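Structure file upload09.pdb; described as PDB, C-alpha atoms.
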```pdb
ATOM      1  CA  MET A   1     -43.408 -14.164  19.219
ATOM      2  CA  ALA A   2     -45.616 -17.165  19.999
ATOM      3  CA  PRO A   3     -45.084 -18.767  23.413
ATOM      4  CA  TYR A   4     -42.957 -21.922  23.544
ATOM      5  CA  ILE A   5     -45.118 -24.958  24.322
ATOM      6  CA  TYR A   6     -43.311 -28.290  24.640
ATOM      7  CA  GLN A   7     -46.224 -30.397  23.435
ATOM      8  CA  GLN A   8     -46.539 -28.346  20.248
ATOM      9  CA  ALA A   9     -42.799 -28.281  19.609
ATOM     10  CA  PHE A  10     -42.618 -32.076  19.609
ATOM     11  CA  ALA A  11     -46.106 -32.876  18.321
ATOM     12  CA  ARG A  12     -44.719 -34.387  15.105
ATOM     13  CA  ASN A  13     -43.000 -37.107  17.152
ATOM     14  CA  ILE A  14     -46.448 -38.391  18.087
ATOM     15  CA  GLY A  15     -47.350 -41.405  16.011
ATOM     16  CA  TRP A  16     -43.905 -42.914  16.345
ATOM     17  CA  VAL A  17     -44.228 -42.403  20.098
ATOM     18  CA  THR A  18     -47.387 -41.980  22.153
ATOM     19  CA  PRO A  19     -48.122 -38.790  24.124
ATOM     20  CA  ASP A  20     -47.329 -40.723  27.303
ATOM     21  CA  GLU A  21     -44.003 -41.895  25.863
ATOM     22  CA  GLN A  22     -43.146 -38.339  24.830
ATOM     23  CA  ALA A  23     -43.759 -37.296  28.429
ATOM     24  CA  ILE A  24     -41.402 -40.070  29.576
ATOM     25  CA  LEU A  25     -38.676 -38.822  27.220
ATOM     26  CA  ARG A  26     -39.155 -35.304  28.566
ATOM     27  CA  GLY A  27     -38.393 -36.620  32.044
ATOM     28  CA  LYS A  28     -35.144 -38.362  31.086
ATOM     29  CA  ARG A  29     -31.594 -37.115  31.645
ATOM     30  CA  ILE A  30     -28.767 -38.051  29.257
ATOM     31  CA  ALA A  31     -25.046 -37.479  29.763
ATOM     32  CA  ILE A  32     -22.846 -36.822  26.719
ATOM     33  CA  ALA A  33     -19.071 -36.465  26.995
ATOM     34  CA  GLY A  34     -17.611 -34.608  24.022
ATOM     35  CA  MET A  35     -19.333 -31.909  21.978
ATOM     36  CA  GLY A  36     -17.373 -32.377  18.756
ATOM     37  CA  GLY A  37     -18.111 -34.381  15.620
ATOM     38  CA  VAL A  38     -20.531 -36.892  17.093
ATOM     39  CA  GLY A  39     -21.222 -35.420  20.527
ATOM     40  CA  GLY A  40     -22.629 -32.147  19.250
ATOM     41  CA  VAL A  41     -25.005 -33.745  16.793
ATOM     42  CA  HIS A  42     -25.990 -36.327  19.442
ATOM     43  CA  LEU A  43     -27.085 -33.464  21.686
ATOM     44  CA  LEU A  44     -29.116 -31.673  19.024
ATOM     45  CA  THR A  45     -30.744 -34.874  17.764
ATOM     46  CA  LEU A  46     -31.745 -35.966  21.250
ATOM     47  CA  ALA A  47     -32.968 -32.447  22.049
ATOM     48  CA  ARG A  48     -35.269 -32.658  18.993
ATOM     49  CA  LEU A  49     -36.467 -36.040  20.245
ATOM     50  CA  GLY A  50     -37.709 -34.151  23.279
ATOM     51  CA  ILE A  51     -35.292 -35.359  25.948
ATOM     52  CA  GLY A  52     -35.659 -32.934  28.839
ATOM     53  CA  ALA A  53     -32.275 -32.846  30.569
ATOM     54  CA  PHE A  54     -28.605 -33.209  29.676
ATOM     55  CA  HIS A  55     -25.194 -33.212  31.238
ATOM     56  CA  ILE A  56     -22.646 -32.180  28.582
ATOM     57  CA  ALA A  57     -18.859 -32.087  28.866
ATOM     58  CA  ASP A  58     -16.064 -30.692  26.694
ATOM     59  CA  PHE A  59     -12.925 -28.623  27.381
ATOM     60  CA  ASP A  60     -12.104 -27.740  23.761
ATOM     61  CA  THR A  61     -12.809 -24.754  21.498
ATOM     62  CA  PHE A  62     -13.760 -24.695  17.816
ATOM     63  CA  ASP A  63     -11.129 -24.268  15.100
ATOM     64  CA  LEU A  64     -10.975 -24.603  11.316
ATOM     65  CA  ALA A  65     -10.120 -28.321  11.417
ATOM     66  CA  ASN A  66     -13.622 -28.948  12.818
ATOM     67  CA  PHE A  67     -15.540 -27.450   9.894
ATOM     68  CA  ASN A  68     -15.942 -30.632   7.827
ATOM     69  CA  ARG A  69     -17.996 -32.504  10.432
ATOM     70  CA  GLN A  70     -18.881 -30.611  13.633
ATOM     71  CA  VAL A  71     -22.346 -29.050  13.752
ATOM     72  CA  GLY A  72     -21.245 -26.243  16.061
ATOM     73  CA  ALA A  73     -18.253 -25.218  13.930
ATOM     74  CA  ASN A  74     -18.884 -21.980  12.043
ATOM     75  CA  VAL A  75     -16.951 -18.809  11.311
ATOM     76  CA  SER A  76     -18.985 -17.113  14.035
ATOM     77  CA  THR A  77     -17.977 -19.732  16.639
ATOM     78  CA  LEU A  78     -14.233 -19.941  15.973
ATOM     79  CA  GLY A  79     -12.340 -19.960  19.252
ATOM     80  CA  GLN A  80     -15.491 -20.382  21.342
ATOM     81  CA  PRO A  81     -15.898 -23.234  23.857
ATOM     82  CA  LYS A  82     -17.718 -26.139  22.259
ATOM     83  CA  VAL A  83     -19.766 -26.824  25.372
ATOM     84  CA  ASN A  84     -21.154 -23.266  25.370
ATOM     85  CA  VAL A  85     -21.904 -23.176  21.643
ATOM     86  CA  LEU A  86     -23.766 -26.489  21.698
ATOM     87  CA  ALA A  87     -25.607 -25.576  24.886
ATOM     88  CA  ALA A  88     -26.908 -22.424  23.191
ATOM     89  CA  MET A  89     -27.958 -24.399  20.109
ATOM     90  CA  ALA A  90     -29.811 -26.984  22.222
ATOM     91  CA  LEU A  91     -31.555 -24.297  24.292
ATOM     92  CA  ASP A  92     -32.651 -22.668  21.045
ATOM     93  CA  ILE A  93     -34.472 -25.925  20.259
ATOM     94  CA  ASN A  94     -35.951 -26.289  23.740
ATOM     95  CA  PRO A  95     -35.548 -23.330  26.109
ATOM     96  CA  GLY A  96     -36.985 -25.475  28.893
ATOM     97  CA  LEU A  97     -34.042 -27.874  28.881
ATOM     98  CA  GLN A  98     -32.320 -28.677  32.147
ATOM     99  CA  LEU A  99     -28.756 -28.468  30.924
ATOM    100  CA  VAL A 100     -25.636 -28.822  33.079
ATOM    101  CA  ARG A 101     -22.285 -27.962  31.493
ATOM    102  CA  PHE A 102     -18.919 -29.449  32.399
ATOM    103  CA  PRO A 103     -16.468 -27.048  30.708
ATOM    104  CA  ASN A 104     -13.381 -28.924  31.923
ATOM    105  CA  GLY A 105     -14.434 -32.133  30.233
ATOM    106  CA  VAL A 106     -15.138 -35.275  32.193
ATOM    107  CA  ASN A 107     -12.529 -36.419  34.715
ATOM    108  CA  GLU A 108     -12.135 -38.193  38.047
ATOM    109  CA  ASP A 109     -12.930 -34.973  39.939
ATOM    110  CA  ASN A 110     -16.361 -34.393  38.362
ATOM    111  CA  LEU A 111     -17.350 -37.944  37.431
ATOM    112  CA  ALA A 112     -19.859 -38.294  40.290
ATOM    113  CA  SER A 113     -21.583 -35.024  39.350
ATOM    114  CA  PHE A 114     -21.511 -35.849  35.637
ATOM    115  CA  PHE A 115     -23.438 -39.088  36.179
ATOM    116  CA  GLU A 116     -25.714 -37.915  39.006
ATOM    117  CA  GLY A 117     -29.353 -38.678  38.161
ATOM    118  CA  VAL A 118     -28.439 -39.811  34.627
ATOM    119  CA  ASP A 119     -30.603 -42.377  32.813
ATOM    120  CA  LEU A 120     -28.304 -42.987  29.840
ATOM    121  CA  TYR A 121     -24.787 -42.166  28.665
ATOM    122  CA  VAL A 122     -23.974 -41.437  25.009
ATOM    123  CA  ASP A 123     -20.298 -41.445  24.060
ATOM    124  CA  GLY A 124     -19.236 -38.383  22.076
ATOM    125  CA  LEU A 125     -15.539 -38.390  22.931
ATOM    126  CA  ASP A 126     -12.783 -38.034  20.384
ATOM    127  CA  PHE A 127     -11.520 -41.391  19.101
ATOM    128  CA  PHE A 128      -8.196 -40.887  20.871
ATOM    129  CA  ALA A 129      -9.589 -39.842  24.284
ATOM    130  CA  PHE A 130      -8.632 -43.195  25.777
ATOM    131  CA  GLY A 131      -8.359 -42.201  29.429
ATOM    132  CA  ALA A 132     -11.651 -40.317  29.542
ATOM    133  CA  ARG A 133     -13.431 -43.063  27.604
ATOM    134  CA  GLN A 134     -12.133 -45.821  29.867
ATOM    135  CA  THR A 135     -13.121 -43.836  32.953
ATOM    136  CA  THR A 136     -16.643 -42.962  31.789
ATOM    137  CA  PHE A 137     -17.541 -46.471  30.650
ATOM    138  CA  ALA A 138     -16.157 -47.965  33.867
ATOM    139  CA  ALA A 139     -18.388 -45.575  35.814
ATOM    140  CA  CYS A 140     -21.404 -46.606  33.734
ATOM    141  CA  ALA A 141     -20.724 -50.275  34.513
ATOM    142  CA  ARG A 142     -20.334 -49.501  38.206
ATOM    143  CA  LEU A 143     -23.485 -47.340  38.369
ATOM    144  CA  ASN A 144     -25.625 -49.594  36.137
ATOM    145  CA  ILE A 145     -26.123 -46.831  33.573
ATOM    146  CA  PRO A 146     -26.741 -48.024  29.999
ATOM    147  CA  ALA A 147     -24.197 -46.615  27.553
ATOM    148  CA  ILE A 148     -24.122 -46.207  23.784
ATOM    149  CA  THR A 149     -21.164 -45.694  21.494
ATOM    150  CA  ALA A 150     -21.800 -44.982  17.815
ATOM    151  CA  ALA A 151     -18.579 -44.575  15.871
ATOM    152  CA  PRO A 152     -18.347 -42.584  12.622
ATOM    153  CA  LEU A 153     -16.402 -44.851  10.282
ATOM    154  CA  GLY A 154     -16.078 -43.672   6.708
ATOM    155  CA  MET A 155     -19.573 -42.831   5.517
ATOM    156  CA  GLY A 156     -21.339 -45.000   8.035
ATOM    157  CA  THR A 157     -21.605 -45.904  11.688
ATOM    158  CA  ALA A 158     -20.837 -48.820  13.973
ATOM    159  CA  VAL A 159     -23.032 -49.125  17.068
ATOM    160  CA  LEU A 160     -22.421 -50.922  20.358
ATOM    161  CA  ASN A 161     -24.638 -50.807  23.453
ATOM    162  CA  PHE A 162     -23.211 -51.594  26.863
ATOM    163  CA  LEU A 163     -26.141 -52.476  29.100
ATOM    164  CA  PRO A 164     -26.380 -53.359  32.810
ATOM    165  CA  GLY A 165     -26.055 -57.102  33.299
ATOM    166  CA  HIS A 166     -24.242 -57.604  29.994
ATOM    167  CA  MET A 167     -20.649 -57.387  28.780
ATOM    168  CA  THR A 168     -18.893 -54.187  29.827
ATOM    169  CA  PHE A 169     -16.797 -51.873  27.678
ATOM    170  CA  GLU A 170     -13.607 -53.135  29.310
ATOM    171  CA  GLU A 171     -14.575 -56.779  28.872
ATOM    172  CA  TYR A 172     -15.303 -56.159  25.200
ATOM    173  CA  PHE A 173     -12.320 -54.024  24.176
ATOM    174  CA  ASP A 174      -9.805 -55.552  26.632
ATOM    175  CA  TRP A 175      -7.846 -52.313  27.109
ATOM    176  CA  GLY A 176      -6.513 -52.673  30.641
ATOM    177  CA  ASP A 177      -3.343 -50.623  31.109
ATOM    178  CA  LYS A 178      -2.080 -51.194  27.574
ATOM    179  CA  PRO A 179      -0.296 -48.326  25.769
ATOM    180  CA  ASP A 180      -2.364 -45.822  23.808
ATOM    181  CA  LEU A 181      -1.305 -47.134  20.402
ATOM    182  CA  GLU A 182      -2.516 -50.612  21.327
ATOM    183  CA  LYS A 183      -5.771 -49.180  22.701
ATOM    184  CA  ALA A 184      -6.289 -47.332  19.423
ATOM    185  CA  LEU A 185      -5.841 -50.512  17.420
ATOM    186  CA  ARG A 186      -8.146 -52.515  19.700
ATOM    187  CA  PHE A 187     -10.777 -49.777  19.604
ATOM    188  CA  LEU A 188     -10.695 -49.564  15.808
ATOM    189  CA  VAL A 189     -10.910 -53.331  15.326
ATOM    190  CA  GLY A 190     -13.482 -53.818  18.079
ATOM    191  CA  LEU A 191     -15.868 -51.092  16.958
ATOM    192  CA  ALA A 192     -16.566 -52.602  13.559
ATOM    193  CA  PRO A 193     -15.709 -56.286  13.181
ATOM    194  CA  ALA A 194     -17.401 -56.242   9.762
ATOM    195  CA  GLY A 195     -14.949 -53.611   8.493
ATOM    196  CA  LEU A 196     -17.353 -52.280   5.853
ATOM    197  CA  HIS A 197     -15.605 -48.918   5.626
ATOM    198  CA  GLY A 198     -12.098 -50.103   4.781
ATOM    199  CA  GLY A 199     -12.662 -50.906   1.116
ATOM    200  CA  TYR A 200     -13.162 -47.332  -0.081
ATOM    201  CA  LEU A 201     -10.434 -45.535   1.873
ATOM    202  CA  VAL A 202      -8.598 -43.813  -0.988
ATOM    203  CA  ASP A 203      -5.606 -42.592   1.028
ATOM    204  CA  PRO A 204      -4.449 -45.020   3.763
ATOM    205  CA  SER A 205      -1.745 -42.578   4.850
ATOM    206  CA  SER A 206      -4.500 -40.316   6.225
ATOM    207  CA  ILE A 207      -4.810 -42.752   9.155
ATOM    208  CA  ASN A 208      -1.954 -42.496  11.624
ATOM    209  CA  LEU A 209      -2.744 -43.941  15.034
ATOM    210  CA  LYS A 210       0.614 -42.969  16.463
ATOM    211  CA  GLU A 211       0.050 -39.319  15.569
ATOM    212  CA  GLN A 212      -3.601 -39.611  16.610
ATOM    213  CA  ARG A 213      -5.156 -38.466  13.375
ATOM    214  CA  GLY A 214      -7.594 -39.870  10.841
ATOM    215  CA  PRO A 215     -10.125 -38.812   8.206
ATOM    216  CA  SER A 216     -13.787 -38.097   8.936
ATOM    217  CA  THR A 217     -17.054 -37.168   7.224
ATOM    218  CA  ILE A 218     -20.196 -35.318   8.278
ATOM    219  CA  MET A 219     -22.211 -38.223   6.854
ATOM    220  CA  GLY A 220     -20.650 -40.581   9.360
ATOM    221  CA  CYS A 221     -21.342 -38.210  12.257
ATOM    222  CA  GLU A 222     -24.983 -37.646  11.308
ATOM    223  CA  LEU A 223     -25.608 -41.362  10.766
ATOM    224  CA  CYS A 224     -24.130 -41.940  14.237
ATOM    225  CA  ALA A 225     -26.579 -39.489  15.768
ATOM    226  CA  GLY A 226     -29.598 -41.047  14.086
ATOM    227  CA  ALA A 227     -28.563 -44.540  15.133
ATOM    228  CA  ALA A 228     -27.669 -43.571  18.705
ATOM    229  CA  ALA A 229     -30.886 -41.584  19.210
ATOM    230  CA  THR A 230     -32.904 -44.571  18.022
ATOM    231  CA  GLU A 231     -31.085 -46.845  20.452
ATOM    232  CA  ALA A 232     -31.665 -44.235  23.177
ATOM    233  CA  LEU A 233     -35.393 -44.167  22.443
ATOM    234  CA  LYS A 234     -35.645 -47.958  22.701
ATOM    235  CA  ILE A 235     -33.633 -48.104  25.912
ATOM    236  CA  LEU A 236     -35.469 -45.249  27.630
ATOM    237  CA  LEU A 237     -38.933 -46.412  26.575
ATOM    238  CA  GLN A 238     -38.097 -50.100  27.048
ATOM    239  CA  ARG A 239     -39.485 -51.169  23.706
ATOM    240  CA  GLY A 240     -37.954 -52.553  20.558
ATOM    241  CA  GLU A 241     -34.954 -54.845  20.177
ATOM    242  CA  VAL A 242     -31.744 -53.538  21.733
ATOM    243  CA  LEU A 243     -28.575 -55.440  20.902
ATOM    244  CA  ALA A 244     -26.103 -55.542  23.791
ATOM    245  CA  ALA A 245     -22.355 -56.058  23.377
ATOM    246  CA  PRO A 246     -20.826 -58.372  22.245
ATOM    247  CA  ARG A 247     -23.554 -57.926  19.632
ATOM    248  CA  GLY A 248     -23.636 -54.768  17.535
ATOM    249  CA  TYR A 249     -24.122 -53.555  14.012
ATOM    250  CA  GLN A 250     -22.459 -51.503  11.300
ATOM    251  CA  PHE A 251     -24.299 -49.599   8.588
ATOM    252  CA  ASP A 252     -22.348 -48.159   5.693
ATOM    253  CA  ALA A 253     -24.225 -45.753   3.416
ATOM    254  CA  TYR A 254     -21.475 -45.717   0.786
ATOM    255  CA  ARG A 255     -21.668 -49.475   0.361
ATOM    256  CA  ASN A 256     -25.426 -49.702   1.066
ATOM    257  CA  LYS A 257     -24.801 -52.464   3.579
ATOM    258  CA  LEU A 258     -25.985 -53.340   7.070
ATOM    259  CA  VAL A 259     -24.218 -56.087   9.000
ATOM    260  CA  ARG A 260     -25.012 -57.362  12.477
ATOM    261  CA  THR A 261     -21.896 -58.399  14.353
ATOM    262  CA  TRP A 262     -21.334 -60.848  17.209
ATOM    263  CA  ARG A 263     -17.969 -61.312  18.865
ATOM    264  CA  PRO A 264     -18.286 -63.414  22.055
ATOM    265  CA  GLY A 265     -15.391 -62.425  24.261
ATOM    266  CA  GLY A 266     -14.976 -59.152  22.387
ATOM    267  CA  ASN A 267     -11.382 -58.597  21.315
ATOM    268  CA  ARG A 268     -10.442 -61.951  22.830
ATOM    269  CA  HIS A 269     -12.436 -63.691  20.093
ATOM    270  CA  PRO A 270     -10.193 -65.570  17.626
ATOM    271  CA  LEU A 271     -11.400 -63.490  14.672
ATOM    272  CA  GLN A 272     -10.610 -60.295  16.550
ATOM    273  CA  ARG A 273      -7.185 -61.574  17.511
ATOM    274  CA  LEU A 274      -6.530 -62.358  13.860
ATOM    275  CA  ALA A 275      -7.734 -58.896  12.779
ATOM    276  CA  MET A 276      -5.450 -57.224  15.302
ATOM    277  CA  MET A 277      -2.490 -59.333  14.228
ATOM    278  CA  LEU A 278      -3.031 -58.328  10.596
ATOM    279  CA  ALA A 279      -3.388 -54.678  11.604
ATOM    280  CA  ARG A 280      -0.115 -54.801  13.538
ATOM    281  CA  ARG A 281       1.625 -56.258  10.508
ATOM    282  CA  ARG A 282       0.537 -53.226   8.549
ATOM    283  CA  ARG A 283       2.302 -51.175  11.263
ATOM    284  CA  PRO A 284      -0.562 -48.687  11.911
ATOM    285  CA  GLY A 285       0.579 -45.287  13.085
ATOM    286  CA  GLU A 286       4.038 -45.600  11.608
ATOM    287  CA  GLN A 287       3.338 -44.258   8.125
ATOM    288  CA  THR A 288       5.584 -41.435   6.996
TER     289      THR A 288
END
```
Since I need it in another form, could you write the structure as structure tokens?
Amino acid sequence: MAPYIYQQAFARNIGWVTPDEQAILRGKRIAIAGMGGVGGVHLLTLARLGIGAFHIADFDTFDLANFNRQVGANVSTLGQPKVNVLAAMALDINPGLQLVRFPNGVNEDNLASFFEGVDLYVDGLDFFAFGARQTTFAACARLNIPAITAAPLGMGTAVLNFLPGHMTFEEYFDWGDKPDLEKALRFLVGLAPAGLHGGYLVDPSSINLKEQRGPSTIMGCELCAGAAATEALKILLQRGEVLAAPRGYQFDAYRNKLVRTWRPGGNRHPLQRLAMMLARRRRPGEQT
């Protein structure tokens, strides 16, 4: 077998990045919490970009419900820890990766280690992981670590960047100590003010915020990874336009639409307040 040479493995990146920029990417460390639908494909996409080091966290194992969207979910990986499966897949792309696993997920006890030496955080947590998400984004704000969340919505993605010196996750979503059902509603409305995905949902009963379930597609997850990796490249190389919250964008492949969004004040913006009021009237999470 031919020897593994980093420069040859990522030579086809050159042209879109310079050799010097590729070397910079190799020296960067990215933290990803969650190795499921979006987190797993984030890791593999960023590994193929040539990022040299990762901290990855997940406490879950693969089951059949993951097969429609999670890149690590296969018959051969049923019951296996997601963090171990994705680590093996990433190391198969680049055996020289510096890869630290957090098999208990991310929590208050390991937060300092999870973010130690990290240049960028990419959110891969389950939609309903409110506590972990609030904790990780608060840590990013405190440590001045740029953070990206790319949400798979329908057959598209909504992207928000939370950058040092700009609006924080908490300032944008206005979660505080509100109950989980309210956080779910605020997260859903705040992620995609344009709401491009709502028009082609064929079965509204598939969304139940109270029971913490909703539909998903592999297209949405893979579009998330492409968008987030592009934002990561721009942030880490400090080139190209990077929109910071309260600015963001949503791209929907089904509708062939791209919309830039701007909500000063985040969920406190009058349009967001109106959207949340309408959503409450539809009594999300209470379908039978």
Subject >> Distance of atom CA of A:Asn104 from atom CA of A:Leu223, expressed in Å to one decimal place >> reply: 27.4 Å
Subject >> Hits from the PyMOL selection byres ((chain A and resi 67) around 12), listed as a VMD selection string >> reply: chain A and resid 36 to 37 62 to 66 68 to 78 216 to 218
Write the residues you've just listed into a file as a short mmCIF file (atom, residue, chain, number, x, y, z; two decimals), in the coordinates of the input, and include C-alpha atoms for each of them.
```
data_model
loop_
_atom_site.label_atom_id
_atom_site.label_comp_id
_atom_site.auth_asym_id
_atom_site.auth_seq_id
_atom_site.Cartn_x
_atom_site.Cartn_y
_atom_site.Cartn_z
CA GLY A 36 -17.37 -32.38 18.76
CA GLY A 37 -18.11 -34.38 15.62
CA PHE A 62 -13.76 -24.70 17.82
CA ASP A 63 -11.13 -24.27 15.10
CA LEU A 64 -10.98 -24.60 11.32
CA ALA A 65 -10.12 -28.32 11.42
CA ASN A 66 -13.62 -28.95 12.82
CA ASN A 68 -15.94 -30.63 7.83
CA ARG A 69 -18.00 -32.50 10.43
CA GLN A 70 -18.88 -30.61 13.63
CA VAL A 71 -22.35 -29.05 13.75
CA GLY A 72 -21.24 -26.24 16.06
CA ALA A 73 -18.25 -25.22 13.93
CA ASN A 74 -18.88 -21.98 12.04
CA VAL A 75 -16.95 -18.81 11.31
CA SER A 76 -18.98 -17.11 14.04
CA THR A 77 -17.98 -19.73 16.64
CA LEU A 78 -14.23 -19.94 15.97
CA SER A 216 -13.79 -38.10 8.94
CA THR A 217 -17.05 -37.17 7.22
CA ILE A 218 -20.20 -35.32 8.28
#
```
Subject >> Test item: residues at most 12 Å from A:Arg282, all atoms listed in the file, excluding those fewer than 4 positions along its chain, as a ChimeraX atom specification >> reply: /A:185,204-205,207-209,275-278,286-287
**OP:** Using atom CA of A:Asp20 and atom CA of A:Leu120 as the two end points, give the distance in Å to one decimal.
**Re:** 19.3 Å
Original post:
Quick one: of A:Ala132, A:Leu237, A:Leu99, A:Cys221, who's nearest to A:Thr45, counting all atoms listed in the file?
Top reply: A:Cys221
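For the file at hand, the PyMOL selection byres ((chain A and resi 117) around 12) resolves to Gly27, Lys28, Arg29, Ile30, Ala31, Ala53, Phe54, His55, Val100, Ala112, Ser113, Phe114, Phe115, Glu116, Val118, Asp119, Leu120, Tyr121, Leu143, Asn144 and Ile145 of chain A.
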**OP:** Tell me, as a ChimeraX atom specification, which residues lie within 12 Å of A:Asn256, counting all atoms listed in the file; anything in the same chain fewer than 3 positions away does not count.
**Re:** /A:155-157,196-197,250-253,259
**OP:** Point out the residue among A:Val202, A:Leu43, A:Leu125, A:Leu191 with the least atom-to-atom distance to A:Leu97, counting all atoms listed in the file.
**Re:** A:Leu43
Original post:
Any idea what the distance is between atom CA of A:Ala139 and atom CA of A:Phe169?
Top reply: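 Value for the atom CA of A:Ala139-atom CA of A:Phe169 distance: 10.4 Å.
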Original post:
Closest to A:Ala141 among A:Leu153, A:Met167, A:Ile56, A:Ala194, using only C-alpha atoms?
Top reply: A:Met167
Would you mind writing stretch 3-16 of chain A with N, CA, C and O atoms, as a PDB file, keeping the file's coordinate frame?
```
ATOM      1  N   PRO A   3     -45.685 -18.129  22.237  1.00  0.00           N
ATOM      2  CA  PRO A   3     -45.084 -18.767  23.413  1.00  0.00           C
ATOM      3  C   PRO A   3     -44.575 -20.174  23.067  1.00  0.00           C
ATOM      4  O   PRO A   3     -45.117 -20.843  22.185  1.00  0.00           O
ATOM      5  N   TYR A   4     -43.530 -20.586  23.771  1.00  0.00           N
ATOM      6  CA  TYR A   4     -42.957 -21.922  23.544  1.00  0.00           C
ATOM      7  C   TYR A   4     -43.758 -22.935  24.351  1.00  0.00           C
ATOM      8  O   TYR A   4     -43.871 -22.829  25.573  1.00  0.00           O
ATOM      9  N   ILE A   5     -44.330 -23.903  23.671  1.00  0.00           N
ATOM     10  CA  ILE A   5     -45.118 -24.958  24.322  1.00  0.00           C
ATOM     11  C   ILE A   5     -44.512 -26.302  23.929  1.00  0.00           C
ATOM     12  O   ILE A   5     -44.487 -26.657  22.745  1.00  0.00           O
ATOM     13  N   TYR A   6     -44.011 -27.035  24.894  1.00  0.00           N
ATOM     14  CA  TYR A   6     -43.311 -28.290  24.640  1.00  0.00           C
ATOM     15  C   TYR A   6     -44.136 -29.235  23.778  1.00  0.00           C
ATOM     16  O   TYR A   6     -43.641 -29.799  22.795  1.00  0.00           O
ATOM     17  N   GLN A   7     -45.385 -29.430  24.144  1.00  0.00           N
ATOM     18  CA  GLN A   7     -46.224 -30.397  23.435  1.00  0.00           C
ATOM     19  C   GLN A   7     -46.380 -30.035  21.955  1.00  0.00           C
ATOM     20  O   GLN A   7     -46.452 -30.926  21.097  1.00  0.00           O
ATOM     21  N   GLN A   8     -46.432 -28.755  21.651  1.00  0.00           N
ATOM     22  CA  GLN A   8     -46.539 -28.346  20.248  1.00  0.00           C
ATOM     23  C   GLN A   8     -45.210 -28.494  19.526  1.00  0.00           C
ATOM     24  O   GLN A   8     -45.160 -28.894  18.353  1.00  0.00           O
ATOM     25  N   ALA A   9     -44.117 -28.191  20.227  1.00  0.00           N
ATOM     26  CA  ALA A   9     -42.799 -28.281  19.609  1.00  0.00           C
ATOM     27  C   ALA A   9     -42.467 -29.700  19.173  1.00  0.00           C
ATOM     28  O   ALA A   9     -41.795 -29.906  18.156  1.00  0.00           O
ATOM     29  N   PHE A  10     -42.967 -30.681  19.904  1.00  0.00           N
ATOM     30  CA  PHE A  10     -42.618 -32.076  19.609  1.00  0.00           C
ATOM     31  C   PHE A  10     -43.832 -32.901  19.179  1.00  0.00           C
ATOM     32  O   PHE A  10     -43.806 -34.132  19.216  1.00  0.00           O
ATOM     33  N   ALA A  11     -44.867 -32.198  18.727  1.00  0.00           N
ATOM     34  CA  ALA A  11     -46.106 -32.876  18.321  1.00  0.00           C
ATOM     35  C   ALA A  11     -45.887 -33.835  17.156  1.00  0.00           C
ATOM     36  O   ALA A  11     -46.560 -34.871  17.053  1.00  0.00           O
ATOM     37  N   ARG A  12     -44.934 -33.524  16.268  1.00  0.00           N
ATOM     38  CA  ARG A  12     -44.719 -34.387  15.105  1.00  0.00           C
ATOM     39  C   ARG A  12     -43.986 -35.685  15.470  1.00  0.00           C
ATOM     40  O   ARG A  12     -43.838 -36.560  14.616  1.00  0.00           O
ATOM     41  N   ASN A  13     -43.521 -35.811  16.697  1.00  0.00           N
ATOM     42  CA  ASN A  13     -43.000 -37.107  17.152  1.00  0.00           C
ATOM     43  C   ASN A  13     -44.127 -38.097  17.408  1.00  0.00           C
ATOM     44  O   ASN A  13     -43.918 -39.316  17.347  1.00  0.00           O
ATOM     45  N   ILE A  14     -45.317 -37.543  17.722  1.00  0.00           N
ATOM     46  CA  ILE A  14     -46.448 -38.391  18.087  1.00  0.00           C
ATOM     47  C   ILE A  14     -46.898 -39.197  16.863  1.00  0.00           C
ATOM     48  O   ILE A  14     -47.083 -38.668  15.773  1.00  0.00           O
ATOM     49  N   GLY A  15     -47.089 -40.459  17.095  1.00  0.00           N
ATOM     50  CA  GLY A  15     -47.350 -41.405  16.011  1.00  0.00           C
ATOM     51  C   GLY A  15     -46.264 -42.465  16.043  1.00  0.00           C
ATOM     52  O   GLY A  15     -46.533 -43.660  16.028  1.00  0.00           O
ATOM     53  N   TRP A  16     -45.027 -41.997  16.127  1.00  0.00           N
ATOM     54  CA  TRP A  16     -43.905 -42.914  16.345  1.00  0.00           C
ATOM     55  C   TRP A  16     -43.710 -43.163  17.833  1.00  0.00           C
ATOM     56  O   TRP A  16     -43.165 -44.197  18.233  1.00  0.00           O
TER      57      TRP A  16
END
```
